[in-house]
>>> print(open('coords_16.cif').read())   # mmCIF, C-alpha atoms
data_structure
loop_
_atom_site.label_atom_id
_atom_site.label_comp_id
_atom_site.auth_asym_id
_atom_site.auth_seq_id
_atom_site.Cartn_x
_atom_site.Cartn_y
_atom_site.Cartn_z
CA MET A 1 0.00 0.00 0.00
CA ASN A 2 1.26 3.48 -0.90
CA ILE A 3 0.49 6.06 1.79
CA LEU A 4 0.66 9.85 1.92
CA ILE A 5 0.72 11.76 5.23
CA LEU A 6 0.07 15.50 5.16
CA GLY A 7 1.94 17.60 7.70
CA GLY A 8 5.42 18.25 9.02
CA GLY A 9 5.38 18.22 12.81
CA GLY A 10 5.87 15.81 15.67
CA ARG A 11 2.38 14.42 15.19
CA GLU A 12 3.17 13.50 11.58
CA HIS A 13 6.55 12.02 12.50
CA SER A 14 4.83 9.74 15.02
CA LEU A 15 2.17 8.78 12.46
CA ALA A 16 4.91 7.97 9.95
CA TRP A 17 6.78 5.90 12.54
CA ALA A 18 3.68 3.87 13.38
CA VAL A 19 2.68 3.37 9.72
CA MET A 20 6.15 2.11 8.87
CA GLN A 21 5.86 -0.62 11.53
CA ASN A 22 3.06 -2.21 9.51
CA PRO A 23 4.05 -4.58 6.66
CA ARG A 24 1.09 -3.30 4.61
CA CYS A 25 3.05 -0.09 4.03
CA ASP A 26 5.02 -0.43 0.79
CA ARG A 27 5.80 3.24 0.20
CA LEU A 28 5.34 6.24 2.49
CA ILE A 29 5.50 9.91 1.49
CA VAL A 30 5.16 12.78 3.97
CA ALA A 31 4.45 16.31 2.78
CA PRO A 32 6.22 18.49 3.70
CA GLY A 33 7.85 16.46 6.48
CA ASN A 34 10.86 17.60 8.51
CA ALA A 35 14.48 16.61 9.11
CA GLY A 36 13.61 13.61 11.26
CA ILE A 37 10.99 12.31 8.85
CA ALA A 38 13.33 12.80 5.89
CA ALA A 39 15.87 10.53 7.58
CA VAL A 40 13.47 7.56 7.43
CA THR A 41 11.18 8.07 4.43
CA GLU A 42 10.34 10.25 1.41
CA CYS A 43 9.30 13.86 1.83
CA ALA A 44 7.60 16.03 -0.77
CA SER A 45 7.14 19.76 -1.21
CA LEU A 46 3.40 20.27 -1.51
CA ASN A 47 0.82 22.91 -0.60
CA THR A 48 -1.18 20.75 1.80
CA GLU A 49 -4.12 23.19 1.88
CA ASP A 50 -4.65 22.98 -1.89
CA GLY A 51 -6.99 20.04 -2.29
CA GLY A 52 -6.59 19.90 -6.05
CA ALA A 53 -2.80 19.82 -5.84
CA VAL A 54 -2.87 17.14 -3.13
CA ALA A 55 -5.28 14.98 -5.14
CA GLU A 56 -3.22 15.35 -8.30
CA PHE A 57 -0.04 14.43 -6.43
CA ALA A 58 -1.69 11.41 -4.83
CA VAL A 59 -3.04 10.10 -8.11
CA SER A 60 0.27 10.62 -9.96
CA ASN A 61 2.13 8.76 -7.21
CA SER A 62 -0.35 5.86 -7.06
CA VAL A 63 -1.26 6.68 -3.46
CA ASP A 64 -3.83 4.31 -1.94
CA PHE A 65 -4.47 6.08 1.37
CA VAL A 66 -4.04 9.67 2.59
CA ILE A 67 -3.75 10.58 6.28
CA VAL A 68 -4.35 14.27 7.02
CA GLY A 69 -2.40 15.37 10.09
CA PRO A 70 -3.14 19.07 10.83
CA GLU A 71 -6.47 20.88 11.02
CA ALA A 72 -5.81 23.56 8.38
CA PRO A 73 -6.09 21.23 5.34
CA LEU A 74 -9.31 19.79 6.77
CA ALA A 75 -10.75 23.27 7.25
CA ALA A 76 -9.80 23.99 3.64
CA GLY A 77 -11.76 20.98 2.38
CA VAL A 78 -8.81 18.84 1.31
CA ALA A 79 -10.53 15.64 2.47
CA ASP A 80 -13.52 16.47 0.27
CA ARG A 81 -11.33 16.90 -2.81
CA LEU A 82 -9.51 13.64 -2.12
CA ARG A 83 -12.74 11.68 -1.81
CA ASP A 84 -14.07 13.32 -4.95
CA ALA A 85 -10.97 11.95 -6.69
CA GLY A 86 -11.79 8.45 -5.46
CA LEU A 87 -9.05 8.33 -2.82
CA LEU A 88 -9.35 6.83 0.66
CA CYS A 89 -8.68 9.54 3.20
CA LEU A 90 -8.55 9.82 6.99
CA GLY A 91 -10.10 13.18 7.86
CA PRO A 92 -13.54 14.77 8.07
CA SER A 93 -15.23 16.86 5.41
CA ARG A 94 -14.95 20.64 5.51
CA LYS A 95 -18.47 20.89 6.95
CA ALA A 96 -17.81 18.33 9.68
CA ALA A 97 -14.46 19.98 10.46
CA ARG A 98 -16.45 22.94 11.77
CA LEU A 99 -16.34 21.09 15.09
CA GLU A 100 -12.85 22.55 15.44
CA VAL A 101 -13.06 25.50 13.10
CA SER A 102 -15.90 27.14 15.04
CA LYS A 103 -16.33 27.06 18.84
CA ARG A 104 -19.85 28.37 18.38
CA PHE A 105 -20.76 25.50 16.06
CA THR A 106 -19.57 22.91 18.59
CA LYS A 107 -21.56 24.54 21.37
CA GLU A 108 -24.67 24.53 19.20
CA ILE A 109 -24.19 20.83 18.47
CA CYS A 110 -23.84 20.11 22.20
CA ASP A 111 -26.97 22.11 23.02
CA ALA A 112 -28.95 20.34 20.30
CA CYS A 113 -28.15 16.85 21.61
CA GLY A 114 -27.84 17.62 25.33
CA ALA A 115 -24.13 16.88 25.61
CA PRO A 116 -22.73 18.29 28.89
CA THR A 117 -20.50 21.33 28.44
CA ALA A 118 -19.99 24.75 30.02
CA ALA A 119 -22.64 27.46 29.75
CA TRP A 120 -21.66 29.87 26.99
CA ALA A 121 -22.44 33.00 25.01
CA HIS A 122 -21.36 34.12 21.55
CA PHE A 123 -20.39 37.65 20.49
CA SER A 124 -19.54 39.34 17.22
CA ASP A 125 -18.63 42.75 18.69
CA ALA A 126 -16.39 43.84 21.54
CA GLU A 127 -18.93 46.04 23.32
CA SER A 128 -21.43 43.24 23.84
CA ALA A 129 -18.67 40.88 24.98
CA ARG A 130 -17.37 43.45 27.46
CA ASP A 131 -20.89 43.97 28.85
CA HIS A 132 -21.21 40.22 29.32
CA VAL A 133 -17.89 40.03 31.19
CA ALA A 134 -18.95 42.92 33.44
CA ALA A 135 -22.11 41.05 34.40
CA THR A 136 -20.51 37.62 34.86
CA ASP A 137 -18.64 36.11 37.79
CA THR A 138 -15.01 35.12 37.18
CA PRO A 139 -13.15 33.01 36.33
CA VAL A 140 -14.39 32.75 32.75
CA VAL A 141 -12.90 31.31 29.58
CA VAL A 142 -12.59 33.57 26.53
CA LYS A 143 -12.22 31.71 23.22
CA ALA A 144 -11.63 32.96 19.73
CA ASP A 145 -14.31 31.32 17.60
CA GLY A 146 -11.94 30.36 14.77
CA LEU A 147 -8.65 28.50 14.36
CA ALA A 148 -5.89 30.29 16.26
CA GLY A 149 -3.04 27.80 16.32
CA GLY A 150 -3.55 26.91 19.98
CA LYS A 151 -3.43 30.55 21.09
CA GLY A 152 -7.14 31.33 21.07
CA VAL A 153 -8.14 30.30 24.60
CA ILE A 154 -7.68 32.54 27.64
CA VAL A 155 -8.62 31.34 31.13
CA ALA A 156 -9.32 34.65 32.85
CA GLU A 157 -9.15 34.59 36.64
CA ASP A 158 -10.41 38.18 36.89
CA ARG A 159 -12.41 40.69 34.85
CA GLU A 160 -9.36 42.70 33.83
CA THR A 161 -7.80 39.66 32.18
CA ALA A 162 -11.10 38.75 30.51
CA LEU A 163 -11.59 42.27 29.17
CA ALA A 164 -8.02 42.35 27.89
CA ALA A 165 -8.62 39.04 26.09
CA VAL A 166 -11.81 40.38 24.52
CA ASP A 167 -10.09 43.58 23.40
CA GLY A 168 -7.11 41.68 22.02
CA MET A 169 -9.19 39.25 19.99
CA PHE A 170 -11.52 41.85 18.55
CA GLY A 171 -8.52 44.12 18.06
CA GLY A 172 -6.96 41.68 15.59
CA ALA A 173 -4.37 39.95 17.77
CA LEU A 174 -5.45 36.59 16.34
CA GLY A 175 -6.38 37.78 12.87
CA THR A 176 -9.69 36.54 11.52
CA ALA A 177 -9.88 33.84 14.22
CA GLY A 178 -10.94 36.49 16.73
CA THR A 179 -13.63 38.28 14.74
CA GLU A 180 -16.15 36.29 16.79
CA VAL A 181 -15.71 35.24 20.41
CA VAL A 182 -17.25 32.64 22.72
CA ILE A 183 -17.22 33.30 26.46
CA GLU A 184 -18.01 30.35 28.68
CA ASP A 185 -18.18 29.49 32.35
CA PHE A 186 -15.04 28.08 33.91
CA MET A 187 -15.17 24.33 34.53
CA ALA A 188 -13.25 22.94 37.51
CA GLY A 189 -11.72 19.48 37.39
CA GLU A 190 -8.94 17.58 35.67
CA GLU A 191 -8.59 17.78 31.89
CA ALA A 192 -7.85 14.77 29.70
CA SER A 193 -8.29 13.76 26.08
CA LEU A 194 -10.24 10.91 24.52
CA PHE A 195 -9.44 9.88 20.94
CA VAL A 196 -12.06 8.21 18.80
CA LEU A 197 -12.11 6.95 15.21
CA CYS A 198 -15.44 7.52 13.45
CA ASP A 199 -16.43 6.18 10.01
CA GLY A 200 -19.81 7.89 9.77
CA THR A 201 -21.58 5.01 11.51
CA THR A 202 -19.30 3.37 14.07
CA ALA A 203 -17.30 5.18 16.78
CA LEU A 204 -14.27 3.33 18.17
CA PRO A 205 -12.27 4.73 21.14
CA ILE A 206 -8.55 4.30 20.47
CA GLY A 207 -6.91 5.76 23.55
CA THR A 208 -6.63 8.43 26.22
CA ALA A 209 -3.93 10.94 27.01
CA GLN A 210 -3.20 13.92 29.20
CA ASP A 211 -1.44 17.00 27.86
CA HIS A 212 0.52 19.73 29.66
CA LYS A 213 -0.34 23.11 28.14
CA ARG A 214 1.59 25.48 30.40
CA ALA A 215 5.16 26.33 29.51
CA HIS A 216 6.76 25.76 32.90
CA GLU A 217 6.84 23.34 35.82
CA GLY A 218 3.85 23.11 38.10
CA ASP A 219 1.56 24.10 35.24
CA SER A 220 2.74 27.70 35.40
CA GLY A 221 3.54 30.23 32.70
CA PRO A 222 1.75 30.92 29.43
CA ASN A 223 -0.33 28.42 27.47
CA THR A 224 1.46 26.59 24.66
CA GLY A 225 0.54 24.06 22.03
CA GLY A 226 1.59 21.40 24.53
CA MET A 227 4.84 20.73 26.42
CA GLY A 228 4.38 17.01 26.96
CA ALA A 229 1.83 14.23 27.30
CA TYR A 230 1.34 10.74 28.61
CA SER A 231 -0.98 7.82 27.94
CA PRO A 232 -3.15 6.35 29.32
CA ALA A 233 -4.77 9.10 31.40
CA PRO A 234 -5.78 7.53 34.75
CA VAL A 235 -8.53 10.09 35.34
CA LEU A 236 -10.21 8.89 32.15
CA ASN A 237 -10.85 5.39 33.50
CA PRO A 238 -13.07 2.89 31.65
CA LYS A 239 -16.23 3.99 33.50
CA VAL A 240 -15.64 7.68 32.73
CA GLU A 241 -14.76 6.82 29.13
CA ARG A 242 -18.00 4.87 28.64
CA ARG A 243 -20.04 7.77 30.02
CA ALA A 244 -18.20 10.23 27.80
CA MET A 245 -18.89 8.09 24.74
CA ASP A 246 -22.57 7.67 25.66
CA GLU A 247 -23.26 11.24 26.80
CA ILE A 248 -20.95 13.33 24.58
CA VAL A 249 -19.31 11.63 21.61
CA ARG A 250 -22.11 9.48 20.23
CA PRO A 251 -24.87 12.11 20.71
CA CYS A 252 -22.76 14.75 18.94
CA LEU A 253 -21.97 12.37 16.08
CA ALA A 254 -25.65 11.52 15.78
CA GLU A 255 -26.54 15.22 15.63
CA LEU A 256 -23.99 15.79 12.88
CA ALA A 257 -25.42 12.88 10.91
CA ARG A 258 -28.94 14.21 11.43
CA ARG A 259 -27.78 17.48 9.84
CA GLY A 260 -26.45 15.64 6.82
CA THR A 261 -22.75 15.88 7.75
CA PRO A 262 -21.67 12.45 9.02
CA TYR A 263 -18.25 12.53 10.65
CA GLN A 264 -15.43 10.40 9.29
CA GLY A 265 -11.96 10.62 10.77
CA VAL A 266 -10.24 11.17 14.10
CA LEU A 267 -12.27 12.94 16.76
CA TYR A 268 -10.37 14.39 19.71
CA ALA A 269 -12.62 15.11 22.68
CA GLY A 270 -11.03 17.40 25.25
CA LEU A 271 -12.83 16.63 28.50
CA MET A 272 -13.03 18.21 31.95
CA ILE A 273 -13.54 15.49 34.51
CA SER A 274 -14.91 16.02 38.01
CA GLU A 275 -16.41 13.44 40.37
CA GLY A 276 -16.50 10.79 37.67
CA MET A 277 -18.38 12.94 35.16
CA ALA A 278 -16.96 14.38 31.96
CA ARG A 279 -17.99 17.63 30.29
CA LEU A 280 -16.79 18.72 26.87
CA VAL A 281 -14.11 21.41 26.73
CA GLU A 282 -13.57 21.23 22.97
CA PHE A 283 -13.49 18.99 19.93
CA ASN A 284 -10.54 18.79 17.58
CA VAL A 285 -10.88 17.04 14.24
CA ARG A 286 -7.45 15.39 14.16
CA PHE A 287 -4.93 13.82 16.50
CA GLY A 288 -3.56 16.13 19.17
CA ASP A 289 0.06 17.17 19.26
CA PRO A 290 1.86 15.92 21.39
CA GLU A 291 -0.85 13.40 22.39
CA CYS A 292 -0.51 11.63 19.05
CA GLN A 293 3.10 10.83 19.86
CA VAL A 294 2.24 8.79 22.95
CA LEU A 295 -0.74 7.12 21.28
CA MET A 296 1.35 6.03 18.29
CA ALA A 297 4.13 4.80 20.57
CA ARG A 298 1.60 2.53 22.27
CA LEU A 299 -0.40 1.48 19.19
CA GLY A 300 2.53 0.81 16.86
CA GLY A 301 1.79 -0.79 13.50
CA GLN A 302 -1.86 -1.54 14.27
CA ALA A 303 -2.53 2.21 14.00
CA LEU A 304 -2.45 1.88 10.20
CA ASP A 305 -4.99 -0.93 10.23
CA LEU A 306 -7.32 1.08 12.48
CA MET A 307 -7.02 4.27 10.43
CA TYR A 308 -7.53 2.39 7.16
CA ALA A 309 -10.63 0.65 8.56
CA CYS A 310 -11.97 4.06 9.52
CA ALA A 311 -11.43 5.48 6.03
CA ALA A 312 -12.93 2.38 4.40
CA GLY A 313 -16.05 2.37 6.60
CA GLU A 314 -15.09 -0.91 8.27
CA LEU A 315 -14.68 0.14 11.91
CA ASP A 316 -17.38 -2.30 13.01
CA LEU A 317 -14.83 -5.06 12.29
CA ALA A 318 -11.87 -3.33 13.98
CA ARG A 319 -10.47 -3.95 17.46
CA VAL A 320 -7.75 -2.18 19.43
CA ASN A 321 -5.15 -4.47 21.00
CA TRP A 322 -3.63 -2.69 23.97
CA ALA A 323 -0.52 -3.76 25.82
CA LYS A 324 -0.46 -2.94 29.53
CA ASP A 325 2.09 -0.22 28.96
CA HIS A 326 2.54 3.52 29.36
CA ALA A 327 4.07 6.17 27.13
CA LEU A 328 5.31 9.66 27.87
CA THR A 329 6.70 12.41 25.66
CA VAL A 330 8.71 15.48 26.63
CA VAL A 331 8.54 18.46 24.27
CA MET A 332 11.87 20.22 23.74
CA ALA A 333 11.13 23.80 22.72
CA ALA A 334 13.15 26.83 21.64
CA LYS A 335 13.82 29.27 24.47
CA GLY A 336 11.22 32.02 24.36
CA TYR A 337 8.44 29.77 23.09
CA PRO A 338 5.45 30.35 23.07
CA GLY A 339 6.57 33.97 22.66
CA GLU A 340 9.36 35.14 20.42
CA TYR A 341 12.09 32.61 19.78
CA MET A 342 15.08 32.12 17.51
CA THR A 343 15.33 29.53 14.76
CA GLY A 344 18.43 28.10 13.11
CA SER A 345 20.27 26.92 16.24
CA ARG A 346 22.27 23.71 15.83
CA ILE A 347 21.04 20.59 17.63
CA ARG A 348 23.78 18.14 18.55
CA GLY A 349 23.56 14.61 19.88
CA LEU A 350 20.93 13.33 17.47
CA GLU A 351 23.52 11.44 15.45
CA LYS A 352 24.21 9.21 18.48
CA PHE A 353 20.56 8.31 18.85
CA HIS A 354 19.35 4.92 17.64
CA GLY A 355 15.71 4.44 18.52
CA ASP A 356 13.71 1.33 19.27
CA SER A 357 10.05 0.81 20.17
CA ASN A 358 10.72 1.97 23.74
CA HIS A 359 12.87 5.03 22.92
CA ILE A 360 11.79 7.32 20.07
CA MET A 361 12.90 10.87 19.23
CA PHE A 362 10.19 12.45 17.13
CA HIS A 363 11.08 15.65 15.27
CA ALA A 364 8.53 18.45 15.49
CA GLY A 365 10.21 21.58 14.13
CA THR A 366 13.55 20.72 12.55
CA ALA A 367 15.32 21.30 9.26
CA LEU A 368 18.54 20.18 7.60
CA ARG A 369 21.26 22.75 6.96
CA ASP A 370 24.93 22.45 5.99
CA SER A 371 25.75 22.58 9.70
CA GLY A 372 23.41 19.67 10.46
CA THR A 373 20.00 19.51 12.07
CA VAL A 374 18.72 22.89 13.24
CA ALA A 375 15.66 24.20 15.06
CA ALA A 376 12.99 25.45 12.66
CA GLY A 377 10.07 26.08 14.98
CA GLY A 378 8.91 26.68 18.53
CA ARG A 379 8.37 23.07 19.51
CA VAL A 380 11.33 21.22 18.08
CA LEU A 381 11.74 17.67 19.42
CA ASN A 382 9.60 15.10 21.26
CA ALA A 383 11.60 12.76 23.48
CA THR A 384 9.21 9.81 23.71
CA ALA A 385 9.40 6.51 25.57
CA ARG A 386 7.34 3.51 26.60
CA GLY A 387 7.55 1.51 29.81
CA ASP A 388 5.72 -1.01 31.94
CA THR A 389 4.93 1.86 34.31
CA LEU A 390 4.56 5.58 33.81
CA ALA A 391 7.60 6.15 36.01
CA GLU A 392 9.70 3.91 33.75
CA ALA A 393 8.43 5.70 30.64
CA ALA A 394 9.25 9.07 32.22
CA GLU A 395 12.76 7.97 33.20
CA ARG A 396 13.47 6.80 29.66
CA ALA A 397 12.01 9.92 28.02
CA TYR A 398 14.04 12.26 30.19
CA ALA A 399 17.20 10.24 29.53
CA LEU A 400 16.61 10.88 25.82
CA ALA A 401 16.03 14.60 26.35
CA ASP A 402 19.08 14.93 28.61
CA GLY A 403 21.24 13.35 25.91
CA ILE A 404 20.58 16.18 23.44
CA ASP A 405 23.09 19.03 23.28
CA TRP A 406 20.99 22.09 22.51
CA PRO A 407 21.65 25.11 24.77
CA GLU A 408 19.03 27.17 22.93
CA GLY A 409 16.24 24.79 24.00
CA TYR A 410 14.30 24.08 27.17
CA TYR A 411 11.78 21.55 28.47
CA ARG A 412 9.64 20.92 31.51
CA ARG A 413 11.00 18.50 34.09
CA ASP A 414 7.63 17.41 35.49
CA ILE A 415 5.66 15.84 32.65
CA GLY A 416 3.27 13.32 34.18
CA TRP A 417 3.39 14.91 37.63
CA ARG A 418 -0.30 14.42 38.38
CA SER A 419 -0.05 10.67 38.01
CA LEU A 420 3.51 10.35 39.34
CA GLY A 421 2.65 12.19 42.55
CA GLY A 422 5.13 15.01 41.88
#
>>> encode(input="coords_16.cif", output="structure tokens")
Amino acid sequence: MNILILGGGGREHSLAWAVMQNPRCDRLIVAPGNAGIAAVTECASLNTEDGGAVAEFAVSNSVDFVIVGPEAPLAAGVADRLRDAGLLCLGPSRKAARLEVSKRFTKEICDACGAPTAAWAHFSDAESARDHVAATDTPVVVKADGLAGGKGVIVAEDRETALAAVDGMFGGALGTAGTEVVIEDFMAGEEASLFVLCDGTTALPIGTAQDHKRAHEGDSGPNTGGMGAYSPAPVLNPKVERRAMDEIVRPCLAELARRGTPYQGVLYAGLMISEGMARLVEFNVRFGDPECQVLMARLGGQALDLMYACAAGELDLARVNWAKDHALTVVMAAKGYPGEYMTGSRIRGLEKFHGDSNHIMFHAGTALRDSGTVAAGGRVLNATARGDTLAEAAERAYALADGIDWPEGYYRRDIGWRSLGG
């Protein structure tokens, strides 16, 4: 089978790693890829948000299956164009991708089917939003309605912070993503992520994970795209997962189908869990990053079979075979991230690294230069490991991170602290 993966971050490197473990993979192309991906498979220069160009490339390269990594191509309708060209594709249609593209849309879906989530209000002008903040108890959560690259959510502990968030979003700080805003009640509890494959009819849970959004130890500092993750998430135990599937995931999928937009692809349910009950924080329409890294480390080659069954509408025949293991990933980021940071710094030590299924260095934002591998983004490497226990996985992941010589980078030292008792 010839396979094309769209994307060039740590998520896509982990997808490529898992796909290559499966003997059904004859040829793998990743577009655009990164330095780590290029070391193990083909990379291609391709505008991944141009559905016509992607379809043409896939057909000309005899691609049998396309896996869409990031949300932007899905929002642009790339999955629609691929299916129109007769290609199997993992990823929802443009209309179904509105679950991530629009916070308002997701809230409306939840209200229509009774899925538990925070109370909310939608605003298209700053004055109305400011009036709402003035009349509402804090903390509140201010969300840009559109895609903001992980920067569109502000948890405001006080009115001043909430008002500043409103003014910033309507003032253009997030571009068009902030032209509409959703303000919702703060939900207390512990956040975790549930990942589900959906083929339009069947919904199959394929794993849980817990992310660390804050930049610094103790969950302090600014929000980021994610500084580390581990799987499974103990707070999302089987009982909580079943309730979340029955009360949130399946009702929302049924409502989408009722509206004529059946969902096909990966559904990421961000959940707030308190006293054994989950409420929806958000939906994403693709694998999370860095959650995908720990899921792929645990799933291995079977991930391809599961994703292919999803694209082919055969999930009713699929089963997930879990080992009793744990995985943890540590994100190594450029100093200054998520604010201003430098690119181009040399990363040393990678040439000594020889990975196995328990020790994997996924590249997130790297490039090849004459000097060697250099940083080409904010989040740069994902030191990932598996173990029989979470403590063992953490020890192995940090040994990988500590072996990299990169003075211009930093990483949190407490990934997994909630479950490790740190």
>>> closest_residue(input="coords_16.cif", among="A:Ala233, A:Met187, A:Ala215, A:Ala393", to="Tyr411 of chain A", atoms="only C-alpha atoms")
A:Ala215
>>> residues_around(input="coords_16.cif", residues="segment 95-106 of chain A", least_positions_apart="6", cutoff="7 Å", atoms="only C-alpha atoms", output="VMD selection string")
chain A and resid 74 to 75 122 145 to 147 182 261 263 283 to 285
>>> write_last_selection(input="coords_16.cif", atoms="C-alpha atoms", output="PDB file, keeping the file's coordinate frame")
ATOM      1  CA  LEU A  74      -9.310  19.790   6.770  1.00  0.00           C
ATOM      2  CA  ALA A  75     -10.750  23.270   7.250  1.00  0.00           C
ATOM      3  CA  HIS A 122     -21.360  34.120  21.550  1.00  0.00           C
ATOM      4  CA  ASP A 145     -14.310  31.320  17.600  1.00  0.00           C
ATOM      5  CA  GLY A 146     -11.940  30.360  14.770  1.00  0.00           C
ATOM      6  CA  LEU A 147      -8.650  28.500  14.360  1.00  0.00           C
ATOM      7  CA  VAL A 182     -17.250  32.640  22.720  1.00  0.00           C
ATOM      8  CA  THR A 261     -22.750  15.880   7.750  1.00  0.00           C
ATOM      9  CA  TYR A 263     -18.250  12.530  10.650  1.00  0.00           C
ATOM     10  CA  PHE A 283     -13.490  18.990  19.930  1.00  0.00           C
ATOM     11  CA  ASN A 284     -10.540  18.790  17.580  1.00  0.00           C
ATOM     12  CA  VAL A 285     -10.880  17.040  14.240  1.00  0.00           C
TER      13      VAL A 285
END
>>> resolve_selection(input="coords_16.cif", expression="the PyMOL selection byres ((chain A and resi 140) around 10)", output="ChimeraX atom specification")
/A:120,133,136-139,141-143,154-159,161-162,183-187
>>> write_last_selection(input="coords_16.cif", atoms="C-alpha atoms", output="PDB file, in the coordinates of the input")
ATOM      1  CA  TRP A 120     -21.660  29.870  26.990  1.00  0.00           C
ATOM      2  CA  VAL A 133     -17.890  40.030  31.190  1.00  0.00           C
ATOM      3  CA  THR A 136     -20.510  37.620  34.860  1.00  0.00           C
ATOM      4  CA  ASP A 137     -18.640  36.110  37.790  1.00  0.00           C
ATOM      5  CA  THR A 138     -15.010  35.120  37.180  1.00  0.00           C
ATOM      6  CA  PRO A 139     -13.150  33.010  36.330  1.00  0.00           C
ATOM      7  CA  VAL A 141     -12.900  31.310  29.580  1.00  0.00           C
ATOM      8  CA  VAL A 142     -12.590  33.570  26.530  1.00  0.00           C
ATOM      9  CA  LYS A 143     -12.220  31.710  23.220  1.00  0.00           C
ATOM     10  CA  ILE A 154      -7.680  32.540  27.640  1.00  0.00           C
ATOM     11  CA  VAL A 155      -8.620  31.340  31.130  1.00  0.00           C
ATOM     12  CA  ALA A 156      -9.320  34.650  32.850  1.00  0.00           C
ATOM     13  CA  GLU A 157      -9.150  34.590  36.640  1.00  0.00           C
ATOM     14  CA  ASP A 158     -10.410  38.180  36.890  1.00  0.00           C
ATOM     15  CA  ARG A 159     -12.410  40.690  34.850  1.00  0.00           C
ATOM     16  CA  THR A 161      -7.800  39.660  32.180  1.00  0.00           C
ATOM     17  CA  ALA A 162     -11.100  38.750  30.510  1.00  0.00           C
ATOM     18  CA  ILE A 183     -17.220  33.300  26.460  1.00  0.00           C
ATOM     19  CA  GLU A 184     -18.010  30.350  28.680  1.00  0.00           C
ATOM     20  CA  ASP A 185     -18.180  29.490  32.350  1.00  0.00           C
ATOM     21  CA  PHE A 186     -15.040  28.080  33.910  1.00  0.00           C
ATOM     22  CA  MET A 187     -15.170  24.330  34.530  1.00  0.00           C
TER      23      MET A 187
END
>>> atom_distance(input="coords_16.cif", atom1="atom CA of Asp64 of chain A", atom2="atom CA of Glu314 of chain A")
16.1 Å
>>> atom_distance(input="coords_16.cif", atom1="atom CA of Thr48 of chain A", atom2="atom CA of Ile109 of chain A")
28.4 Å
>>> resolve_selection(input="coords_16.cif", expression="the PyMOL selection byres ((chain A and resi 355-368) around 6)", output="list in words")
Gly9, Gly10, His13, Asn34, Ala35, Gly36, His354, Arg369, Gly372, Thr373, Val374, Ala375, Ala376, Gly377, Arg379, Val380, Leu381, Asn382, Ala383, Thr384, Ala385 and Arg386 of chain A
>>> resolve_selection(input="coords_16.cif", expression="the PyMOL selection byres ((chain A and resi 44) around 8)", output="PDB file with C-alpha atoms, in the frame of the given file")
ATOM      1  CA  ILE A  29       5.500   9.910   1.490  1.00  0.00           C
ATOM      2  CA  VAL A  30       5.160  12.780   3.970  1.00  0.00           C
ATOM      3  CA  ALA A  31       4.450  16.310   2.780  1.00  0.00           C
ATOM      4  CA  PRO A  32       6.220  18.490   3.700  1.00  0.00           C
ATOM      5  CA  GLY A  33       7.850  16.460   6.480  1.00  0.00           C
ATOM      6  CA  GLU A  42      10.340  10.250   1.410  1.00  0.00           C
ATOM      7  CA  CYS A  43       9.300  13.860   1.830  1.00  0.00           C
ATOM      8  CA  SER A  45       7.140  19.760  -1.210  1.00  0.00           C
ATOM      9  CA  LEU A  46       3.400  20.270  -1.510  1.00  0.00           C
TER      10      LEU A  46
END
>>> closest_residue(input="coords_16.cif", among="A:Gly416, A:Pro251, A:Gly288, A:Gly225", to="Tyr268 of chain A", atoms="only C-alpha atoms")
A:Gly288
>>> atom_distance(input="coords_16.cif", atom1="atom CA of Phe353 of chain A", atom2="atom CA of Val331 of chain A")
16.6 Å
>>> residues_around(input="coords_16.cif", residues="Asp219 of chain A", least_positions_apart="3", cutoff="12 Å", atoms="all atoms listed in the file", output="PDB file with C-alpha atoms, keeping the file's coordinate frame")
ATOM      1  CA  ASP A 211      -1.440  17.000  27.860  1.00  0.00           C
ATOM      2  CA  HIS A 212       0.520  19.730  29.660  1.00  0.00           C
ATOM      3  CA  LYS A 213      -0.340  23.110  28.140  1.00  0.00           C
ATOM      4  CA  ARG A 214       1.590  25.480  30.400  1.00  0.00           C
ATOM      5  CA  ALA A 215       5.160  26.330  29.510  1.00  0.00           C
ATOM      6  CA  HIS A 216       6.760  25.760  32.900  1.00  0.00           C
ATOM      7  CA  PRO A 222       1.750  30.920  29.430  1.00  0.00           C
ATOM      8  CA  ASN A 223      -0.330  28.420  27.470  1.00  0.00           C
ATOM      9  CA  THR A 224       1.460  26.590  24.660  1.00  0.00           C
ATOM     10  CA  GLY A 226       1.590  21.400  24.530  1.00  0.00           C
ATOM     11  CA  MET A 227       4.840  20.730  26.420  1.00  0.00           C
ATOM     12  CA  GLY A 228       4.380  17.010  26.960  1.00  0.00           C
ATOM     13  CA  ARG A 412       9.640  20.920  31.510  1.00  0.00           C
ATOM     14  CA  ARG A 413      11.000  18.500  34.090  1.00  0.00           C
ATOM     15  CA  ASP A 414       7.630  17.410  35.490  1.00  0.00           C
ATOM     16  CA  ILE A 415       5.660  15.840  32.650  1.00  0.00           C
ATOM     17  CA  GLY A 416       3.270  13.320  34.180  1.00  0.00           C
ATOM     18  CA  TRP A 417       3.390  14.910  37.630  1.00  0.00           C
ATOM     19  CA  ARG A 418      -0.300  14.420  38.380  1.00  0.00           C
ATOM     20  CA  GLY A 422       5.130  15.010  41.880  1.00  0.00           C
TER      21      GLY A 422
END
>>> decode(input="coords_16.cif", residues="segment 298-306 of chain A", atoms="C-alpha atoms", output="CSV table (one decimal), in the first residue's frame")
chain,number,residue,atom,x,y,z
A,298,ARG,CA,1.6,2.5,22.3
A,299,LEU,CA,-0.4,1.5,19.2
A,300,GLY,CA,2.5,0.8,16.9
A,301,GLY,CA,1.8,-0.8,13.5
A,302,GLN,CA,-1.9,-1.5,14.3
A,303,ALA,CA,-2.5,2.2,14.0
A,304,LEU,CA,-2.4,1.9,10.2
A,305,ASP,CA,-5.0,-0.9,10.2
A,306,LEU,CA,-7.3,1.1,12.5
